[in-house]
file query.txt (compact mmCIF, C-alpha atoms)
# COMPACT_ATOMS: atom_id res chain seq x y z
CA MET A 28 18.60 -19.21 9.03
CA ALA A 29 21.22 -21.94 8.95
CA HIS A 30 21.65 -21.77 5.17
CA CYS A 31 22.17 -18.02 5.05
CA PRO A 32 25.59 -17.12 3.62
CA VAL A 33 26.30 -14.72 6.52
CA PRO A 34 25.38 -14.76 10.23
CA VAL A 35 21.94 -13.33 11.00
CA ARG A 36 21.61 -11.12 14.07
CA ASP A 37 19.73 -12.65 16.99
CA ASP A 38 16.90 -10.11 17.18
CA PHE A 39 16.06 -10.80 13.54
CA SER A 40 15.75 -14.58 14.06
CA ALA A 41 13.92 -14.05 17.37
CA ALA A 42 11.31 -11.79 15.77
CA HIS A 43 10.58 -14.42 13.13
CA ALA A 44 10.32 -17.12 15.80
CA LEU A 45 8.00 -15.02 17.96
CA PHE A 46 5.77 -14.18 15.01
CA LEU A 47 5.49 -17.87 14.09
CA THR A 48 4.58 -18.72 17.67
CA ARG A 49 1.90 -16.03 17.68
CA LEU A 50 0.69 -17.31 14.32
CA SER A 51 0.07 -20.76 15.77
CA MET A 52 -2.14 -19.45 18.56
CA PRO A 53 -5.85 -18.60 18.44
CA GLY A 54 -6.18 -15.01 17.28
CA THR A 55 -8.91 -12.44 17.60
CA TRP A 56 -11.26 -13.85 14.95
CA TRP A 57 -9.52 -16.95 13.60
CA THR A 58 -8.40 -20.17 15.30
CA GLY A 59 -4.77 -21.24 15.29
CA ALA A 60 -5.47 -23.76 12.54
CA GLU A 61 -7.16 -21.11 10.42
CA ARG A 62 -4.35 -18.62 11.02
CA VAL A 63 -1.73 -21.12 9.89
CA ALA A 64 -3.91 -21.98 6.87
CA ILE A 65 -4.05 -18.26 5.98
CA ALA A 66 -0.25 -18.17 6.01
CA ALA A 67 -0.17 -21.28 3.80
CA ALA A 68 -2.69 -19.71 1.40
CA THR A 69 -0.46 -16.64 1.15
CA ARG A 70 2.46 -18.83 0.15
CA SER A 71 0.32 -20.65 -2.43
CA ALA A 72 -0.56 -17.35 -4.10
CA ARG A 73 3.01 -17.02 -5.34
CA ALA A 74 2.45 -19.82 -7.87
CA CYS A 75 -1.30 -19.43 -8.42
CA VAL A 76 -2.20 -19.59 -12.12
CA PHE A 77 -5.63 -18.07 -11.54
CA CYS A 78 -4.02 -15.09 -9.80
CA GLU A 79 -1.81 -14.57 -12.86
CA GLU A 80 -4.85 -14.65 -15.15
CA ARG A 81 -6.74 -12.29 -12.88
CA LYS A 82 -3.87 -9.84 -12.67
CA ALA A 83 -3.68 -9.74 -16.47
CA ALA A 84 -7.42 -9.07 -16.79
CA LEU A 85 -8.88 -5.58 -17.09
CA SER A 86 -10.79 -6.19 -13.87
CA PRO A 87 -9.92 -8.88 -11.31
CA TYR A 88 -13.59 -9.80 -11.28
CA ALA A 89 -13.81 -10.27 -15.04
CA VAL A 90 -12.37 -13.79 -14.87
CA SER A 91 -13.39 -16.83 -12.89
CA GLY A 92 -11.37 -19.78 -11.75
CA THR A 93 -9.95 -21.64 -8.79
CA HIS A 94 -6.98 -20.62 -6.68
CA THR A 95 -4.01 -22.88 -6.13
CA ILE A 96 -3.87 -24.04 -2.51
CA ASP A 97 -1.69 -26.45 -0.57
CA PRO A 98 -3.71 -29.72 -0.30
CA GLN A 99 -2.50 -30.06 3.29
CA PHE A 100 -4.63 -27.04 4.18
CA ALA A 101 -7.67 -27.79 1.99
CA GLY A 102 -11.08 -27.35 3.60
CA ILE A 103 -9.91 -25.22 6.51
CA LEU A 104 -10.75 -21.76 5.18
CA PRO A 105 -13.85 -20.31 3.48
CA THR A 106 -13.31 -19.87 -0.27
CA ALA A 107 -13.97 -16.14 -0.01
CA ILE A 108 -11.09 -15.52 2.36
CA ILE A 109 -8.69 -17.53 0.20
CA ASP A 110 -9.76 -15.41 -2.76
CA ILE A 111 -9.18 -12.12 -0.99
CA ILE A 112 -5.88 -13.27 0.55
CA HIS A 113 -4.62 -14.13 -2.92
CA LEU A 114 -5.78 -10.74 -4.22
CA ALA A 115 -3.99 -8.94 -1.37
CA THR A 116 -0.83 -10.94 -2.07
CA THR A 117 -0.64 -10.70 -5.85
CA ASP A 118 -2.70 -7.65 -6.87
CA ALA A 119 -3.27 -5.52 -3.77
CA THR A 120 -3.62 -2.24 -5.65
CA ARG A 121 -6.94 -3.50 -7.02
CA MET A 122 -8.45 -4.21 -3.62
CA THR A 123 -11.80 -2.48 -3.10
CA GLN A 124 -14.06 -1.78 -0.19
CA ALA A 125 -16.82 -3.64 -2.03
CA ALA A 126 -14.67 -6.80 -2.18
CA ILE A 127 -14.15 -6.62 1.57
CA GLU A 128 -17.83 -5.98 2.28
CA LYS A 129 -18.77 -8.95 0.10
CA LEU A 130 -17.11 -11.25 2.65
CA ALA A 131 -20.28 -10.77 4.72
CA ASP A 132 -22.02 -13.09 2.24
CA GLU A 133 -20.01 -15.91 3.83
CA GLY A 134 -20.51 -14.63 7.36
CA LEU A 135 -17.11 -12.95 7.58
CA SER A 136 -16.65 -9.49 9.03
CA ASP A 137 -14.26 -6.66 8.25
CA ALA A 138 -12.30 -7.75 11.32
CA HIS A 139 -11.89 -11.27 9.90
CA TYR A 140 -10.43 -9.57 6.84
CA VAL A 141 -8.04 -7.35 8.78
CA GLU A 142 -6.67 -10.25 10.83
CA ALA A 143 -6.22 -12.34 7.68
CA LEU A 144 -4.52 -9.44 5.91
CA GLY A 145 -2.20 -8.97 8.87
CA ILE A 146 -1.14 -12.61 8.66
CA THR A 147 -0.76 -12.44 4.89
CA ALA A 148 1.37 -9.32 5.02
CA ALA A 149 3.49 -10.61 7.88
CA ILE A 150 4.27 -14.02 6.40
CA ARG A 151 5.06 -12.35 3.07
CA SER A 152 7.49 -10.09 4.90
CA VAL A 153 9.16 -12.99 6.69
CA ASP A 154 9.30 -15.14 3.55
CA GLN A 155 10.76 -12.40 1.36
CA ALA A 156 13.40 -11.65 3.98
CA CYS A 157 14.35 -15.34 3.99
CA ARG A 158 14.44 -15.41 0.19
CA GLY A 159 16.70 -12.38 0.22
CA LEU A 160 18.96 -13.94 2.79
CA GLY A 161 19.21 -17.19 0.86
CA ALA A 162 17.64 -19.12 3.72
CA PRO A 163 14.81 -21.65 3.28
CA LEU A 164 11.32 -20.54 4.25
CA HIS A 165 10.40 -21.28 7.85
CA GLN A 166 8.23 -24.32 8.42
CA LEU A 167 4.73 -23.23 9.36
CA PRO A 168 3.96 -23.99 13.02
CA THR A 169 1.63 -26.63 14.40
CA PRO A 170 -1.58 -24.85 15.42
CA ILE A 171 -2.50 -24.54 19.07
CA GLU A 172 -6.11 -25.32 19.91
CA GLY A 173 -8.43 -22.76 21.44
CA GLU A 174 -11.05 -20.17 20.63
CA PRO A 175 -10.46 -16.68 19.20
CA SER A 176 -10.98 -13.82 21.65
CA ARG A 177 -13.51 -12.04 19.38
CA VAL A 178 -12.83 -8.63 20.93
CA ARG A 179 -13.56 -5.69 18.62
CA PRO A 180 -12.23 -2.29 19.71
CA ALA A 181 -15.27 -0.22 20.67
CA ASP A 182 -13.78 3.02 19.35
CA ALA A 183 -12.89 1.77 15.86
CA ALA A 184 -14.69 3.94 13.31
CA PRO A 185 -15.23 3.74 9.52
CA GLY A 186 -14.64 6.49 7.00
CA GLU A 187 -10.94 6.96 6.34
CA ALA A 188 -10.05 3.63 4.74
CA PHE A 189 -11.73 0.50 3.38
CA ILE A 190 -12.08 -0.74 6.96
CA PRO A 191 -12.75 0.90 10.35
CA MET A 192 -9.69 2.04 12.32
CA LEU A 193 -8.92 3.35 15.78
CA PRO A 194 -8.76 7.17 15.99
CA ALA A 195 -5.37 8.79 15.43
CA ASP A 196 -4.96 10.08 18.96
CA TYR A 197 -3.53 8.14 21.89
CA PRO A 198 -5.47 4.83 22.04
CA ALA A 199 -7.44 3.89 25.12
CA ALA A 200 -6.38 0.89 27.23
CA PRO A 201 -5.82 -1.95 26.52
CA ASN A 202 -4.48 -0.68 23.19
CA ASP A 203 -2.42 2.17 24.60
CA ASP A 204 0.77 0.34 23.59
CA LEU A 205 0.08 0.75 19.85
CA TRP A 206 1.18 4.35 19.36
CA ASP A 207 1.67 7.51 21.38
CA GLU A 208 0.25 10.87 20.42
CA LEU A 209 -0.63 10.63 16.76
CA GLY A 210 -0.91 7.32 14.94
CA ALA A 211 0.09 7.43 11.29
CA PHE A 212 -2.20 5.70 8.80
CA GLY A 213 0.42 2.98 8.31
CA LEU A 214 0.03 2.00 11.95
CA ARG A 215 -3.71 2.56 12.22
CA ALA A 216 -4.48 0.57 9.06
CA MET A 217 -4.95 -2.74 10.87
CA SER A 218 -6.00 -1.37 14.25
CA LEU A 219 -9.42 -3.00 14.00
CA VAL A 220 -7.39 -6.03 15.14
CA PRO A 221 -4.82 -4.57 17.53
CA ASP A 222 -2.73 -7.75 17.63
CA ALA A 223 -2.16 -7.37 13.89
CA VAL A 224 -0.56 -4.00 14.62
CA ARG A 225 1.56 -5.62 17.33
CA ASP A 226 2.84 -8.19 14.80
CA LEU A 227 3.67 -5.31 12.46
CA LEU A 228 5.61 -3.51 15.18
CA LEU A 229 7.45 -6.70 16.15
CA LEU A 230 8.64 -7.43 12.63
CA SER A 231 9.35 -3.81 11.71
CA ALA A 232 11.61 -3.39 14.73
CA ALA A 233 13.79 -6.29 13.55
CA GLN A 234 13.58 -5.89 9.77
CA TYR A 235 13.53 -2.08 9.50
CA VAL A 236 13.79 0.21 12.53
CA GLY A 237 11.70 0.51 15.68
CA ILE A 238 8.65 2.76 15.53
CA ASP A 239 10.26 5.10 18.06
CA VAL A 240 12.91 6.08 15.49
CA ALA A 241 11.01 5.47 12.26
CA PHE A 242 10.80 9.18 11.49
CA ASP A 243 14.27 10.06 12.78
CA MET A 244 16.36 9.99 9.62
CA SER A 245 19.61 9.96 11.61
CA LYS A 246 18.77 6.43 12.81
CA GLY A 247 19.75 3.50 10.63
CA ARG A 248 21.48 0.20 11.17
CA THR A 249 24.80 -1.08 9.88
CA LEU A 250 23.17 -0.26 6.56
CA GLY A 251 22.77 3.51 6.29
CA ARG A 252 19.31 4.97 6.61
CA GLU A 253 19.44 6.37 3.08
CA GLN A 254 20.32 2.90 1.80
CA MET A 255 17.38 1.44 3.72
CA GLU A 256 15.03 4.06 2.30
CA LEU A 257 16.30 3.38 -1.21
CA LEU A 258 15.38 -0.29 -0.79
CA ALA A 259 11.99 0.65 0.69
CA GLY A 260 11.24 3.00 -2.18
CA ARG A 261 12.28 0.54 -4.86
CA VAL A 262 10.15 -2.23 -3.33
CA SER A 263 7.18 0.14 -3.17
CA ALA A 264 7.63 1.19 -6.80
CA ILE A 265 7.88 -2.38 -8.07
CA ASN A 266 4.61 -3.07 -6.28
CA ASP A 267 3.02 0.05 -7.86
CA CYS A 268 2.37 1.24 -4.32
CA PHE A 269 1.39 4.89 -4.05
CA TYR A 270 1.71 5.07 -0.28
CA MET B 21 10.05 11.03 0.40
CA MET B 22 11.89 9.12 3.14
CA LEU B 23 14.91 8.68 0.85
CA SER B 24 15.00 12.44 0.25
CA LEU B 25 14.74 13.16 3.97
CA SER B 26 17.45 10.64 4.85
CA MET B 27 19.78 12.19 2.27
CA GLN B 28 18.98 15.68 3.56
CA GLU B 29 20.04 14.43 6.98
CA LYS B 30 23.48 13.90 5.43
CA GLY B 31 23.39 17.28 3.72
CA LYS B 32 22.86 15.80 0.27
CA GLU B 33 20.22 15.88 -2.44
CA VAL B 34 19.14 12.85 -4.40
CA ASP B 35 17.54 12.12 -7.75
CA LEU B 36 14.64 9.75 -7.11
CA THR B 37 14.14 8.66 -10.72
CA GLY B 38 15.76 5.26 -10.18
CA LEU B 39 13.22 4.32 -7.55
CA VAL B 40 10.64 4.01 -10.33
CA SER B 41 12.70 3.31 -13.44
CA GLY B 42 15.11 0.78 -11.97
CA ALA B 43 18.58 0.08 -10.61
CA GLU B 44 20.55 1.44 -13.54
CA ASP B 45 19.12 4.92 -12.90
CA VAL B 46 19.69 4.95 -9.15
CA ASP B 47 21.58 8.03 -8.00
CA ASP B 48 25.22 7.20 -7.18
CA ARG B 49 25.07 9.58 -4.23
CA VAL B 50 23.36 6.71 -2.37
CA PRO B 51 26.30 4.48 -1.45
CA HIS B 52 26.11 1.19 -3.36
CA GLY B 53 22.59 2.22 -4.38
CA LYS B 54 22.63 0.37 -7.70
CA ALA B 55 23.69 -2.92 -6.09
CA LEU B 56 21.02 -2.54 -3.42
CA ALA B 57 18.31 -1.74 -5.96
CA ARG B 58 19.34 -4.74 -8.06
CA PHE B 59 19.05 -6.88 -4.94
CA ALA B 60 15.51 -5.62 -4.23
CA GLU B 61 14.55 -6.27 -7.84
CA ALA B 62 15.99 -9.77 -7.71
CA VAL B 63 14.16 -10.68 -4.49
CA LEU B 64 10.84 -9.53 -5.95
CA GLN B 65 11.21 -10.45 -9.60
CA GLY B 66 14.42 -12.33 -10.26
CA SER B 67 15.27 -15.96 -10.86
CA ASP B 68 17.19 -17.87 -8.21
CA SER B 69 20.43 -17.37 -10.14
CA GLU B 70 19.81 -13.64 -10.55
CA LEU B 71 19.10 -13.35 -6.86
CA SER B 72 22.22 -15.31 -5.96
CA GLU B 73 24.32 -12.93 -8.06
CA ALA B 74 22.65 -9.83 -6.61
CA ARG B 75 23.03 -11.19 -3.07
CA LEU B 76 26.76 -11.74 -3.46
CA ALA B 77 27.19 -8.27 -4.94
CA VAL B 78 25.52 -6.68 -1.91
CA ILE B 79 27.55 -8.72 0.56
CA GLU B 80 30.73 -7.70 -1.25
CA ALA B 81 29.64 -4.04 -1.35
CA VAL B 82 28.31 -3.46 2.17
CA GLY B 83 29.35 -6.52 4.19
CA GLY B 84 27.40 -9.31 5.84
CA GLU B 85 25.75 -7.35 8.66
CA ALA B 86 24.42 -4.66 6.35
CA PHE B 87 23.31 -7.33 3.87
CA VAL B 88 21.09 -8.82 6.58
CA ASP B 89 19.66 -5.35 7.17
CA ALA B 90 18.97 -5.06 3.42
CA ALA B 91 17.11 -8.37 3.25
CA GLY B 92 15.05 -7.31 6.25
CA VAL B 93 14.07 -3.99 4.69
CA VAL B 94 13.01 -5.64 1.44
CA GLY B 95 10.83 -8.08 3.37
CA ASN B 96 9.45 -5.34 5.57
CA PHE B 97 8.23 -3.22 2.68
CA GLU B 98 6.74 -6.21 0.89
CA ARG B 99 4.44 -6.15 3.91
CA MET B 100 3.91 -2.42 4.20
CA VAL B 101 2.80 -1.97 0.60
CA ARG B 102 0.20 -4.73 0.92
CA VAL B 103 -1.16 -3.33 4.16
CA ALA B 104 -1.43 0.16 2.67
CA ASP B 105 -3.05 -0.91 -0.60
CA ALA B 106 -5.34 -3.59 0.81
CA THR B 107 -6.73 -1.29 3.51
CA GLY B 108 -7.09 1.73 1.25
CA ILE B 109 -5.44 4.16 3.64
CA PRO B 110 -4.57 7.62 2.30
CA LEU B 111 -1.24 9.36 2.75
CA ASP B 112 -0.90 11.17 6.05
CA ALA B 113 -1.58 14.91 5.73
CA ALA B 114 2.04 15.92 6.31
CA SER B 115 3.27 13.44 3.68
CA THR B 116 0.65 14.68 1.22
CA GLU B 117 1.91 18.25 1.59
CA MET B 118 5.59 17.31 1.39
CA THR B 119 5.37 15.02 -1.63
CA VAL B 120 3.44 17.14 -4.12
CA ASP B 121 6.46 17.69 -6.37
CA ILE B 122 7.87 14.17 -5.97
CA ARG B 123 4.56 12.53 -6.84
CA GLU B 124 4.17 14.75 -9.88
CA LYS B 125 7.72 14.16 -11.11
CA LEU B 126 7.68 10.38 -10.65
CA GLY B 127 4.14 9.91 -11.97
CA LEU B 128 2.94 8.45 -8.70
CA ASN B 129 -0.42 10.22 -9.01
CA ASP B 130 -1.24 7.75 -11.79
CA TYR B 131 -1.02 4.82 -9.39
CA ALA B 132 -4.31 3.04 -8.69
CA MET B 133 -4.48 3.95 -5.01
CA ALA B 134 -3.61 7.63 -5.53
CA SER B 135 -7.30 8.49 -5.58
CA ARG B 136 -7.52 7.47 -1.92
CA THR B 137 -5.53 10.56 -0.94
CA PRO B 138 -7.19 14.00 -1.14
CA PRO B 139 -5.13 16.70 -2.90
CA ALA B 140 -2.71 18.74 -0.81
CA LYS B 141 -4.32 21.84 0.68
CA GLY B 142 -1.39 24.11 -0.14

call {"tool": "encode", "arguments": {"input": "query.txt", "output": "structure tokens"}}
result
Amino acid sequence: MAHCPVPVRDDFSAAHALFLTRLSMPGTWWTGAERVAIAAATRSARACVFCEERKAALSPYAVSGTHTIDPQFAGILPTAIIDIIHLATTDATRMTQAAIEKLADEGLSDAHYVEALGITAAIRSVDQACRGLGAPLHQLPTPIEGEPSRVRPADAAPGEAFIPMLPADYPAAPNDDLWDELGAFGLRAMSLVPDAVRDLLLLSAAQYVGIDVAFDMSKGRTLGREQMELLAGRVSAINDCFY
Amino acid sequence: MMLSLSMQEKGKEVDLTGLVSGAEDVDDRVPHGKALARFAEAVLQGSDSELSEARLAVIEAVGGEAFVDAAGVVGNFERMVRVADATGIPLDAASTEMTVDIREKLGLNDYAMASRTPPAKG
């Protein structure tokens, strides 16, 4: 954050640093190298010509082509996950359950997708905050070797979204830190991979407000809560996000 | 909806039109709302020079600490919208009930992912 025109509070920088450390480590379904490559693929989507063509097409599946990727990360990820990461980054409103289920053709599960989406969304969040601040993007971390844990929550169930989620009520251990009495869809969305929810909570607490006060409209920061919600609403509208 | 609720907390109403149509239509009852909306637009869609101009305007309007908050919020919701859309989650039931009028007025029911949310029961 050294190039930012104003000082950046410590918890903000620390959340970014902790996320990047977690990114480098083996995850639930992807290795550290794959997780870092997913973050790199997300960054590449910003300047991907094929994504532009696809977004302009009546259907994203009506055109064919090759995504732009950073040559440094070539050959690390299956093509199908790069494709769906780019779609989630540049044209997320046209994501479909069928597109996610098609990942199975390359041996990838819905949980692989959720972890990848969590990384994509998180690095986008960090990068856009840096762009706003006028700071250079963080260097992606060196991956740490090791195997993914491959633990799927036994109580995750399909039916409410494109992917299975934990039930809304108080989660069973070891996921009882995710939410208390009633998990909102925004929290439960990535609960098929609980660590993806933990990344969301980490970054939200620094870049927005903590989950404990998210619905208390009297709680803001130096910026007033109504000013924060104006920004949130405008970002959502630009992204054509209904939620 | 959250903007409406946060303004109600301060005993004020707000016109939400600018959220969809752009910074120039942002309700002046949100302090420095137009400058903040221009900043969000510049981060997402602007050139480097447009962003630089918008950034300086926000710093001048709200100060450095609040500017950092603003950059964080923009980044945060760049994440939240992708998570919501790419997982196909519906609106929570309470939000569905409370936003019937807002969604109608702002045309949000025409958005691609609107079909993921069942109609309000009321």

call {"tool": "interface_residues", "arguments": {"input": "query.txt", "of": "chain A", "to": "chain B", "cutoff": "6 Å", "atoms": "all atoms listed in the file", "output": "list in words"}}
result
Val33, Ala115, Ala119, Thr120, Met122, Ala148, Ser152, Gln155, Ala156, Gly159, Leu160, Ala188, Phe189, Gln234, Tyr235, Met244, Thr249, Leu250, Glu253, Glu256, Leu257, Ala259, Gly260, Arg261, Ala264, Cys268 and Phe269 of chain A

call {"tool": "write_last_selection", "arguments": {"input": "query.txt", "atoms": "C-alpha atoms", "output": "short mmCIF file (atom, residue, chain, number, x, y, z; two decimals), in the coordinates of the input"}}
result
data_model
loop_
_atom_site.label_atom_id
_atom_site.label_comp_id
_atom_site.auth_asym_id
_atom_site.auth_seq_id
_atom_site.Cartn_x
_atom_site.Cartn_y
_atom_site.Cartn_z
CA VAL A 33 26.30 -14.72 6.52
CA ALA A 115 -3.99 -8.94 -1.37
CA ALA A 119 -3.27 -5.52 -3.77
CA THR A 120 -3.62 -2.24 -5.65
CA MET A 122 -8.45 -4.21 -3.62
CA ALA A 148 1.37 -9.32 5.02
CA SER A 152 7.49 -10.09 4.90
CA GLN A 155 10.76 -12.40 1.36
CA ALA A 156 13.40 -11.65 3.98
CA GLY A 159 16.70 -12.38 0.22
CA LEU A 160 18.96 -13.94 2.79
CA ALA A 188 -10.05 3.63 4.74
CA PHE A 189 -11.73 0.50 3.38
CA GLN A 234 13.58 -5.89 9.77
CA TYR A 235 13.53 -2.08 9.50
CA MET A 244 16.36 9.99 9.62
CA THR A 249 24.80 -1.08 9.88
CA LEU A 250 23.17 -0.26 6.56
CA GLU A 253 19.44 6.37 3.08
CA GLU A 256 15.03 4.06 2.30
CA LEU A 257 16.30 3.38 -1.21
CA ALA A 259 11.99 0.65 0.69
CA GLY A 260 11.24 3.00 -2.18
CA ARG A 261 12.28 0.54 -4.86
CA ALA A 264 7.63 1.19 -6.80
CA CYS A 268 2.37 1.24 -4.32
CA PHE A 269 1.39 4.89 -4.05
#

call {"tool": "residues_around", "arguments": {"input": "query.txt", "residues": "A:Gly237", "least_positions_apart": "4", "cutoff": "12 Å", "atoms": "only C-alpha atoms", "output": "list in words"}}
result
Asp38, Trp206, Arg225, Leu227, Leu228, Leu229, Leu230, Ser231, Ala232, Ala233, Ala241, Phe242, Asp243, Lys246, Gly247 and Arg248 of chain A; Asn96 of chain B

call {"tool": "residues_around", "arguments": {"input": "query.txt", "residues": "A:Ala184", "least_positions_apart": "6", "cutoff": "10 Å", "atoms": "only C-alpha atoms", "output": "JSON, numbers by chain"}}
result
{"A": [190, 191, 192, 193, 194, 219]}

call {"tool": "atom_distance", "arguments": {"input": "query.txt", "atom1": "atom CA of A:Leu144", "atom2": "atom CA of A:Arg177"}}
result
16.4 Å

call {"tool": "residues_around", "arguments": {"input": "query.txt", "residues": "stretch 80-94 of chain A", "least_positions_apart": "3", "cutoff": "8 Å", "atoms": "all atoms listed in the file", "output": "NGL selection string"}}
result
:A and (72 or 75-77 or 109-110 or 113 or 117-118 or 121)

call {"tool": "write_last_selection", "arguments": {"input": "query.txt", "atoms": "C-alpha atoms", "output": "CSV table (one decimal), in the frame of the given file"}}
result
chain,number,residue,atom,x,y,z
A,72,ALA,CA,-0.6,-17.4,-4.1
A,75,CYS,CA,-1.3,-19.4,-8.4
A,76,VAL,CA,-2.2,-19.6,-12.1
A,77,PHE,CA,-5.6,-18.1,-11.5
A,109,ILE,CA,-8.7,-17.5,0.2
A,110,ASP,CA,-9.8,-15.4,-2.8
A,113,HIS,CA,-4.6,-14.1,-2.9
A,117,THR,CA,-0.6,-10.7,-5.8
A,118,ASP,CA,-2.7,-7.6,-6.9
A,121,ARG,CA,-6.9,-3.5,-7.0

call {"tool": "decode", "arguments": {"input": "query.txt", "residues": "stretch 74-93 of chain A", "atoms": "N, CA and C atoms", "output": "CSV table (one decimal), in the first residue's frame"}}
result
chain,number,residue,atom,x,y,z
A,74,ALA,N,-8.4,-8.5,-19.1
A,74,ALA,CA,-8.0,-8.1,-20.4
A,74,ALA,C,-8.1,-9.3,-21.4
A,75,CYS,N,-9.1,-10.1,-21.2
A,75,CYS,CA,-9.3,-11.3,-22.1
A,75,CYS,C,-10.2,-10.9,-23.2
A,76,VAL,N,-9.7,-11.0,-24.4
A,76,VAL,CA,-10.4,-10.7,-25.6
A,76,VAL,C,-11.6,-11.6,-25.8
A,77,PHE,N,-11.4,-12.9,-25.6
A,77,PHE,CA,-12.4,-13.9,-25.8
A,77,PHE,C,-13.6,-13.6,-24.8
A,78,CYS,N,-13.3,-13.2,-23.6
A,78,CYS,CA,-14.3,-12.9,-22.6
A,78,CYS,C,-15.2,-11.7,-23.2
A,79,GLU,N,-14.5,-10.7,-23.8
A,79,GLU,CA,-15.2,-9.6,-24.4
A,79,GLU,C,-16.2,-10.1,-25.5
A,80,GLU,N,-15.7,-10.9,-26.3
A,80,GLU,CA,-16.5,-11.5,-27.4
A,80,GLU,C,-17.7,-12.3,-26.9
A,81,ARG,N,-17.4,-13.0,-25.8
A,81,ARG,CA,-18.4,-13.9,-25.2
A,81,ARG,C,-19.5,-13.0,-24.6
A,82,LYS,N,-19.1,-12.0,-23.9
A,82,LYS,CA,-20.0,-11.1,-23.2
A,82,LYS,C,-21.0,-10.4,-24.2
A,83,ALA,N,-20.4,-10.1,-25.4
A,83,ALA,CA,-21.2,-9.4,-26.4
A,83,ALA,C,-22.2,-10.4,-27.1
A,84,ALA,N,-21.9,-11.7,-27.0
A,84,ALA,CA,-22.7,-12.7,-27.7
A,84,ALA,C,-24.1,-12.9,-27.0
A,85,LEU,N,-25.1,-13.3,-27.8
A,85,LEU,CA,-26.4,-13.6,-27.2
A,85,LEU,C,-26.3,-14.6,-26.1
A,86,SER,N,-25.5,-15.6,-26.3
A,86,SER,CA,-25.3,-16.7,-25.3
A,86,SER,C,-23.8,-16.8,-25.1
A,87,PRO,N,-23.3,-17.0,-23.9
A,87,PRO,CA,-21.8,-17.1,-23.7
A,87,PRO,C,-21.3,-18.4,-24.4
A,88,TYR,N,-22.2,-19.3,-24.7
A,88,TYR,CA,-21.8,-20.6,-25.3
A,88,TYR,C,-22.0,-20.6,-26.8
A,89,ALA,N,-22.3,-19.4,-27.4
A,89,ALA,CA,-22.5,-19.3,-28.8
A,89,ALA,C,-21.2,-19.0,-29.5
A,90,VAL,N,-20.2,-18.7,-28.8
A,90,VAL,CA,-18.9,-18.4,-29.4
A,90,VAL,C,-17.8,-19.3,-28.9
A,91,SER,N,-16.8,-19.5,-29.6
A,91,SER,CA,-15.7,-20.4,-29.1
A,91,SER,C,-14.4,-19.6,-29.3
A,92,GLY,N,-13.4,-19.9,-28.5
A,92,GLY,CA,-12.2,-19.2,-28.5
A,92,GLY,C,-11.3,-19.7,-27.4
A,93,THR,N,-10.2,-18.9,-27.2
A,93,THR,CA,-9.2,-19.3,-26.1
A,93,THR,C,-9.1,-18.1,-25.2
